[in-house]
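What follows is the content of entry_22.cif (mmCIF, C-alpha atoms and all ligand atoms).
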data_my_file
#
loop_
_atom_site.label_atom_id
_atom_site.label_comp_id
_atom_site.auth_asym_id
_atom_site.auth_seq_id
_atom_site.Cartn_x
_atom_site.Cartn_y
_atom_site.Cartn_z
CA MET D 1 -34.57 51.57 21.50
CA ILE D 2 -32.29 53.79 23.61
CA LYS D 3 -28.81 54.28 22.11
CA ASN D 4 -25.93 54.07 24.59
CA ASN D 5 -22.85 55.05 22.63
CA ASN D 6 -20.50 56.20 25.36
CA ASN D 7 -18.33 53.23 26.34
CA ALA D 8 -16.99 54.81 29.53
CA PHE D 9 -20.52 55.42 30.82
CA ASN D 10 -21.66 51.96 29.68
CA GLU D 11 -18.95 50.31 31.78
CA ARG D 12 -19.72 52.46 34.85
CA ARG D 13 -23.42 51.68 34.45
CA ARG D 14 -22.69 47.94 34.24
CA LEU D 15 -20.65 48.12 37.46
CA LEU D 16 -23.41 50.03 39.28
CA ILE D 17 -26.09 47.54 38.22
CA GLU D 18 -23.88 44.60 39.23
CA SER D 19 -23.41 46.13 42.67
CA LEU D 20 -27.20 46.57 42.99
CA LYS D 21 -27.71 42.94 41.94
CA ARG D 22 -25.38 41.82 44.73
CA ARG D 23 -27.69 43.43 47.33
CA GLY D 24 -30.07 40.55 46.61
CA ASN D 25 -33.41 42.26 47.30
CA LEU D 26 -34.04 43.90 43.92
CA SER D 27 -35.86 42.52 40.86
CA GLU D 28 -33.50 41.26 38.12
CA ASN D 29 -36.03 42.42 35.55
CA VAL D 30 -35.97 45.96 36.93
CA LEU D 31 -32.16 46.03 37.10
CA ASP D 32 -31.86 44.69 33.53
CA ALA D 33 -34.09 47.57 32.38
CA MET D 34 -31.94 50.07 34.34
CA LEU D 35 -28.91 48.74 32.46
CA LYS D 36 -30.43 50.17 29.28
CA ILE D 37 -30.95 53.70 30.65
CA PRO D 38 -28.17 56.31 30.31
CA ARG D 39 -28.68 58.13 33.65
CA GLU D 40 -26.32 60.93 32.58
CA LYS D 41 -28.96 62.09 30.06
CA PHE D 42 -31.20 63.15 32.97
CA LEU D 43 -28.46 65.27 34.57
CA ASP D 44 -26.82 68.60 33.93
CA SER D 45 -23.46 68.07 32.17
CA SER D 46 -21.58 69.17 35.32
CA PHE D 47 -22.94 66.04 37.06
CA HIS D 48 -22.34 63.52 34.24
CA PHE D 49 -19.17 62.22 35.90
CA ARG D 50 -21.25 61.28 38.98
CA ALA D 51 -24.13 59.66 37.06
CA TYR D 52 -23.22 56.11 38.16
CA GLU D 53 -22.67 56.78 41.83
CA ASP D 54 -25.40 55.14 43.87
CA THR D 55 -26.62 58.45 45.19
CA ALA D 56 -29.35 61.06 44.67
CA LEU D 57 -28.09 64.04 42.66
CA PRO D 58 -29.35 67.61 42.17
CA ILE D 59 -31.49 68.53 39.18
CA ASP D 60 -33.04 71.95 38.42
CA ALA D 61 -35.35 73.85 40.82
CA ASN D 62 -33.66 72.44 43.96
CA GLN D 63 -35.05 68.97 43.27
CA THR D 64 -33.28 65.62 42.96
CA ILE D 65 -33.02 62.55 40.77
CA SER D 66 -33.48 59.67 43.23
CA GLN D 67 -30.68 57.29 44.23
CA PRO D 68 -30.54 54.30 41.82
CA TYR D 69 -31.01 51.86 44.74
CA THR D 70 -34.18 53.70 45.78
CA VAL D 71 -35.55 53.69 42.21
CA ALA D 72 -34.85 49.95 41.90
CA TYR D 73 -36.34 49.28 45.35
CA MET D 74 -39.60 51.16 44.72
CA THR D 75 -39.98 49.67 41.24
CA THR D 76 -39.36 46.18 42.60
CA LEU D 77 -42.17 46.72 45.14
CA LEU D 78 -44.50 47.99 42.41
CA GLU D 79 -44.30 44.65 40.47
CA VAL D 80 -45.04 46.25 37.09
CA LYS D 81 -46.55 44.00 34.45
CA GLU D 82 -46.53 44.63 30.68
CA GLY D 83 -49.48 46.87 29.78
CA ASP D 84 -50.15 48.09 33.35
CA LYS D 85 -51.36 51.66 33.62
CA ILE D 86 -49.03 53.35 36.12
CA LEU D 87 -49.34 56.82 37.65
CA GLU D 88 -46.15 58.47 38.88
CA ILE D 89 -46.27 61.55 41.11
CA GLY D 90 -43.07 63.61 40.86
CA THR D 91 -41.64 63.34 37.33
CA GLY D 92 -38.46 65.18 38.39
CA SER D 93 -35.78 64.31 35.83
CA GLY D 94 -37.98 61.69 34.11
CA TYR D 95 -35.64 58.75 34.95
CA GLN D 96 -38.23 56.75 36.93
CA ALA D 97 -40.90 57.29 34.25
CA CYS D 98 -38.47 56.07 31.60
CA LEU D 99 -37.80 52.90 33.63
CA LEU D 100 -41.54 52.21 33.99
CA ALA D 101 -41.99 52.65 30.22
CA LEU D 102 -39.12 50.24 29.50
CA LEU D 103 -40.86 47.68 31.73
CA GLY D 104 -43.86 47.88 29.38
CA ALA D 105 -46.13 50.13 31.46
CA LYS D 106 -48.41 52.83 30.09
CA VAL D 107 -46.99 55.73 32.06
CA TYR D 108 -48.82 58.82 33.35
CA THR D 109 -46.54 61.18 35.25
CA ILE D 110 -47.30 64.45 37.04
CA GLU D 111 -44.86 67.16 38.12
CA ARG D 112 -45.64 70.51 39.77
CA ILE D 113 -42.58 72.37 38.35
CA PRO D 114 -43.12 73.18 34.64
CA ASP D 115 -39.41 73.49 33.72
CA LEU D 116 -38.73 69.95 34.91
CA VAL D 117 -41.56 68.58 32.74
CA GLU D 118 -40.17 70.39 29.69
CA LYS D 119 -36.70 68.93 30.24
CA ALA D 120 -38.02 65.41 30.89
CA LYS D 121 -40.16 65.53 27.74
CA LYS D 122 -37.06 66.27 25.65
CA VAL D 123 -35.37 63.12 26.98
CA PHE D 124 -38.51 61.00 26.42
CA ASN D 125 -38.63 62.24 22.82
CA GLU D 126 -34.92 61.56 22.31
CA PHE D 127 -35.48 57.99 23.55
CA GLY D 128 -38.63 57.56 21.43
CA LEU D 129 -40.76 56.81 24.52
CA LYS D 130 -44.44 57.69 24.68
CA ILE D 131 -44.98 58.93 28.22
CA ASN D 132 -48.01 61.00 29.24
CA THR D 133 -46.97 64.08 31.21
CA ARG D 134 -48.94 66.63 33.14
CA ILE D 135 -47.97 69.82 34.97
CA GLY D 136 -49.93 70.12 38.20
CA ASP D 137 -50.57 68.91 41.72
CA GLY D 138 -50.12 65.14 41.76
CA THR D 139 -51.58 64.77 45.26
CA ILE D 140 -55.03 64.85 43.65
CA GLY D 141 -53.99 62.29 41.02
CA TRP D 142 -55.12 62.21 37.39
CA SER D 143 -58.75 61.07 37.55
CA GLU D 144 -59.32 61.14 33.78
CA PHE D 145 -57.27 57.96 33.26
CA ALA D 146 -58.00 56.20 36.59
CA PRO D 147 -58.02 53.51 37.84
CA TYR D 148 -54.31 52.65 37.81
CA GLN D 149 -52.78 49.22 38.42
CA GLY D 150 -49.88 50.99 40.07
CA ILE D 151 -49.21 54.37 41.69
CA ILE D 152 -45.69 55.44 42.64
CA VAL D 153 -45.09 58.62 44.60
CA THR D 154 -41.48 59.82 44.45
CA ALA D 155 -41.76 62.63 47.02
CA ALA D 156 -42.32 62.52 50.79
CA ALA D 157 -45.98 62.58 51.84
CA PRO D 158 -47.33 63.46 55.31
CA ASP D 159 -50.02 60.81 54.75
CA VAL D 160 -51.48 58.73 51.90
CA PRO D 161 -53.58 61.14 49.76
CA ASP D 162 -57.25 60.05 49.63
CA SER D 163 -57.48 60.97 45.94
CA LEU D 164 -54.64 58.60 45.06
CA MET D 165 -56.24 55.82 47.13
CA GLU D 166 -59.49 56.31 45.19
CA GLN D 167 -57.67 56.12 41.84
CA LEU D 168 -55.92 52.82 42.65
CA ALA D 169 -57.52 49.83 40.88
CA ILE D 170 -58.77 46.85 42.87
CA GLY D 171 -55.81 44.44 42.77
CA GLY D 172 -53.51 47.43 42.26
CA ARG D 173 -50.64 48.61 44.40
CA MET D 174 -49.23 51.94 45.59
CA VAL D 175 -45.66 52.65 46.72
CA ILE D 176 -45.29 55.89 48.67
CA PRO D 177 -42.84 57.30 51.26
CA VAL D 178 -44.82 58.59 54.26
CA GLY D 179 -43.55 60.41 57.34
CA THR D 180 -42.06 63.74 58.37
CA LYS D 181 -40.17 66.09 56.06
CA SER D 182 -36.85 64.72 57.29
CA TYR D 183 -37.57 60.98 57.44
CA GLN D 184 -40.08 58.61 55.80
CA SER D 185 -41.06 54.94 55.82
CA MET D 186 -41.85 53.31 52.50
CA TYR D 187 -45.48 52.15 52.45
CA LEU D 188 -46.63 49.40 50.14
CA ILE D 189 -50.41 49.47 49.81
CA ASP D 190 -52.40 46.69 48.14
CA ARG D 191 -56.00 47.46 47.25
CA ILE D 192 -57.91 44.24 47.91
CA SER D 193 -61.47 45.54 47.33
CA ASP D 194 -63.48 48.78 47.49
CA ASN D 195 -63.26 48.84 51.28
CA ASP D 196 -60.23 46.71 52.05
CA VAL D 197 -56.55 47.65 51.73
CA LYS D 198 -53.43 45.94 53.09
CA ARG D 199 -50.57 48.18 54.16
CA HIS D 200 -46.98 47.03 54.69
CA VAL D 201 -44.33 49.35 56.03
CA THR D 202 -40.82 48.61 54.73
CA ASP D 203 -37.51 50.56 54.94
CA SER D 204 -36.69 54.21 55.76
CA PHE D 205 -35.82 56.80 53.14
CA LYS D 206 -35.36 60.55 52.71
CA PHE D 207 -37.21 62.33 49.89
CA VAL D 208 -37.96 65.95 48.98
CA PRO D 209 -41.47 66.95 50.15
CA LEU D 210 -44.70 66.26 48.26
CA ILE D 211 -46.24 69.74 48.13
CA GLY D 212 -49.93 70.15 47.32
CA LYS D 213 -53.57 70.01 48.35
CA GLU D 214 -53.22 66.53 49.92
CA GLY D 215 -49.54 66.83 50.78
CA TRP D 216 -47.36 69.37 52.63
CA LYS D 217 -48.55 72.95 52.28
CA THR D 218 -44.98 74.33 51.86
CA GLY D 219 -41.50 73.00 51.15
N1 LIG D 301 -39.01 60.50 39.99
C1 LIG D 301 -38.01 61.52 39.83
C2 LIG D 301 -36.90 61.09 38.92
O1 LIG D 301 -36.92 59.97 38.41
O2 LIG D 301 -36.01 61.94 38.69
C3 LIG D 301 -37.47 62.02 41.15
C4 LIG D 301 -38.46 62.86 41.84
S1 LIG D 301 -37.89 64.06 42.97
C5 LIG D 301 -37.21 63.07 44.24
C6 LIG D 301 -39.51 64.55 43.59
C7 LIG D 301 -40.28 65.39 42.61
O3 LIG D 301 -41.63 65.52 43.11
C8 LIG D 301 -39.75 66.81 42.46
O4 LIG D 301 -39.45 67.07 41.12
C9 LIG D 301 -40.89 67.69 42.95
O5 LIG D 301 -41.03 68.91 42.27
C10 LIG D 301 -42.09 66.78 42.70
N2 LIG D 301 -43.30 67.10 43.47
C11 LIG D 301 -43.43 67.51 44.76
N3 LIG D 301 -44.74 67.69 45.07
C12 LIG D 301 -45.45 67.37 43.95
C13 LIG D 301 -46.84 67.34 43.64
N4 LIG D 301 -47.79 67.67 44.52
N5 LIG D 301 -47.20 66.97 42.40
C14 LIG D 301 -46.27 66.64 41.47
N6 LIG D 301 -44.95 66.64 41.70
C15 LIG D 301 -44.54 67.00 42.93
#
Could you quickly redo this structure as structure tokens?
Amino acid sequence: MIKNNNNAFNERRRLLIESLKRRGNLSENVLDAMLKIPREKFLDSSFHFRAYEDTALPIDANQTISQPYTVAYMTTLLEVKEGDKILEIGTGSGYQACLLALLGAKVYTIERIPDLVEKAKKVFNEFGLKINTRIGDGTIGWSEFAPYQGIIVTAAAPDVPDSLMEQLAIGGRMVIPVGTKSYQSMYLIDRISDNDVKRHVTDSFKFVPLIGKEGWKTG
């Protein structure tokens, strides 16, 4: 159970979630879970006052915590069910992983920047959430625990990494922004069988680059 003791933040969070509900395309279940998460805990104290703006914000190492709308949008597409094994690439602040855990998923999250993993782990511990973390290149996935019912990539990929495709369960789904470094389309990929996948392209977004063996070679 996450404790939310700060009344001023609680009210701002409620207003943000209400505004996201009014957009009409986001899962109520996902938004109700977001209502329980104190976003300020994932931010440096100098950004606490902006925690409930619907915008991406800076975290350490020149990275970002994604915009709340984007988090809700991707998680809505993922259609997480209780007990699903979900792989996240790009732990960042840990906010998205926390949301997946609150939705009842078994979460595996990979981040290439060690300091970010250390910070995120502190928040997971504070919240009493058991989330499996790994420092490394997420473009090659985490084969030890595959297959996954869901894979969510929270950085911009030049293409869908083959390794992630291989680690997606039959009947599973991947949400991944694919495009150039300055502009991406959100892909929703359903794995129908060993050889058959369905790909839908939805809205446009802007993410930091996915850097690794099956991603961009540099930032
Ligand atoms: N999901 C995060 C959250 O809730 O705060 C936001 C992620 S941030 C937009 C993207 C993250 O992907 C950055 O922290 C970046 O270091 C990470 N990243 C980029 N390439 C990666 C890779 N190959 N493997 C793992 N993480 C990667």
Once you count all atoms listed in the file, what closest atom pair and distance in Å to one decimal does each residue of region 43-133 of chain D within 10 Å of region 9-26 of chain D have, with rows by chain and rising residue number, as a Markdown table?
| residue | atom | partner | partner_atom | distance |
| --- | --- | --- | --- | --- |
| D:His48 | CA | D:Phe9 | CA | 9.0 |
| D:Phe49 | CA | D:Phe9 | CA | 8.6 |
| D:Arg50 | CA | D:Arg12 | CA | 9.9 |
| D:Ala51 | CA | D:Phe9 | CA | 8.4 |
| D:Tyr52 | CA | D:Arg13 | CA | 5.8 |
| D:Glu53 | CA | D:Leu16 | CA | 7.3 |
| D:Asp54 | CA | D:Leu16 | CA | 7.2 |
| D:Pro68 | CA | D:Leu20 | CA | 8.5 |
| D:Tyr69 | CA | D:Leu20 | CA | 6.8 |
| D:Thr70 | CA | D:Leu26 | CA | 10.0 |
| D:Ala72 | CA | D:Leu26 | CA | 6.4 |
| D:Tyr73 | CA | D:Leu26 | CA | 6.0 |
| D:Met74 | CA | D:Leu26 | CA | 9.2 |
| D:Thr75 | CA | D:Leu26 | CA | 8.7 |
| D:Thr76 | CA | D:Leu26 | CA | 5.9 |
| D:Leu77 | CA | D:Leu26 | CA | 8.7 |
Quick one: residues within 10 Å of Ile113 (chain D), only C-alpha atoms counted, chain neighbours fewer than 3 positions away excluded, as a short mmCIF file (atom, residue, chain, number, x, y, z; two decimals) with C-alpha atoms, keeping the file's coordinate frame?
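Resulting contents of around12.cif:
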data_model
loop_
_atom_site.label_atom_id
_atom_site.label_comp_id
_atom_site.auth_asym_id
_atom_site.auth_seq_id
_atom_site.Cartn_x
_atom_site.Cartn_y
_atom_site.Cartn_z
CA ASP D 60 -33.04 71.95 38.42
CA ALA D 61 -35.35 73.85 40.82
CA GLN D 63 -35.05 68.97 43.27
CA GLY D 90 -43.07 63.61 40.86
CA THR D 91 -41.64 63.34 37.33
CA GLY D 92 -38.46 65.18 38.39
CA ILE D 110 -47.30 64.45 37.04
CA LEU D 116 -38.73 69.95 34.91
CA VAL D 117 -41.56 68.58 32.74
CA GLU D 118 -40.17 70.39 29.69
CA ILE D 135 -47.97 69.82 34.97
CA GLY D 136 -49.93 70.12 38.20
CA ASP D 137 -50.57 68.91 41.72
#
TODO: Dump the neighbourhood of ligand LIG 301 (chain D) as a PyMOL selection string: all residues within 7 Å, distances computed on only C-alpha atoms and all ligand atoms.
DONE: chain D and resi 63-66+89-97+110-113+116+136-139+154-155+207-212+215
Filtering to C-alpha atoms, could you give me those residues as an mmCIF file, keeping the file's coordinate frame?
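The file below, part-v2.cif, is the result:
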data_model
loop_
_atom_site.group_PDB
_atom_site.id
_atom_site.type_symbol
_atom_site.label_atom_id
_atom_site.label_comp_id
_atom_site.auth_asym_id
_atom_site.auth_seq_id
_atom_site.Cartn_x
_atom_site.Cartn_y
_atom_site.Cartn_z
ATOM 1 C CA GLN D 63 -35.050 68.970 43.270
ATOM 2 C CA THR D 64 -33.280 65.620 42.960
ATOM 3 C CA ILE D 65 -33.020 62.550 40.770
ATOM 4 C CA SER D 66 -33.480 59.670 43.230
ATOM 5 C CA ILE D 89 -46.270 61.550 41.110
ATOM 6 C CA GLY D 90 -43.070 63.610 40.860
ATOM 7 C CA THR D 91 -41.640 63.340 37.330
ATOM 8 C CA GLY D 92 -38.460 65.180 38.390
ATOM 9 C CA SER D 93 -35.780 64.310 35.830
ATOM 10 C CA GLY D 94 -37.980 61.690 34.110
ATOM 11 C CA TYR D 95 -35.640 58.750 34.950
ATOM 12 C CA GLN D 96 -38.230 56.750 36.930
ATOM 13 C CA ALA D 97 -40.900 57.290 34.250
ATOM 14 C CA ILE D 110 -47.300 64.450 37.040
ATOM 15 C CA GLU D 111 -44.860 67.160 38.120
ATOM 16 C CA ARG D 112 -45.640 70.510 39.770
ATOM 17 C CA ILE D 113 -42.580 72.370 38.350
ATOM 18 C CA LEU D 116 -38.730 69.950 34.910
ATOM 19 C CA GLY D 136 -49.930 70.120 38.200
ATOM 20 C CA ASP D 137 -50.570 68.910 41.720
ATOM 21 C CA GLY D 138 -50.120 65.140 41.760
ATOM 22 C CA THR D 139 -51.580 64.770 45.260
ATOM 23 C CA THR D 154 -41.480 59.820 44.450
ATOM 24 C CA ALA D 155 -41.760 62.630 47.020
ATOM 25 C CA PHE D 207 -37.210 62.330 49.890
ATOM 26 C CA VAL D 208 -37.960 65.950 48.980
ATOM 27 C CA PRO D 209 -41.470 66.950 50.150
ATOM 28 C CA LEU D 210 -44.700 66.260 48.260
ATOM 29 C CA ILE D 211 -46.240 69.740 48.130
ATOM 30 C CA GLY D 212 -49.930 70.150 47.320
ATOM 31 C CA GLY D 215 -49.540 66.830 50.780
#
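For the residues D:Ile152, D:Leu99, D:Val123, D:Val201, ranking by smallest atom-to-atom distance to Phe42 (chain D) using only C-alpha atoms places D:Val123 first.
The spacing separating CA of Lys36 (chain D) from CA of Ile2 (chain D) amounts to 7.0 Å.
Candidate residues D:Val30, D:Ala169, D:Ile189, D:Leu43 were compared for distance to Leu100 (chain D), and the nearest is D:Val30, using only C-alpha atoms.
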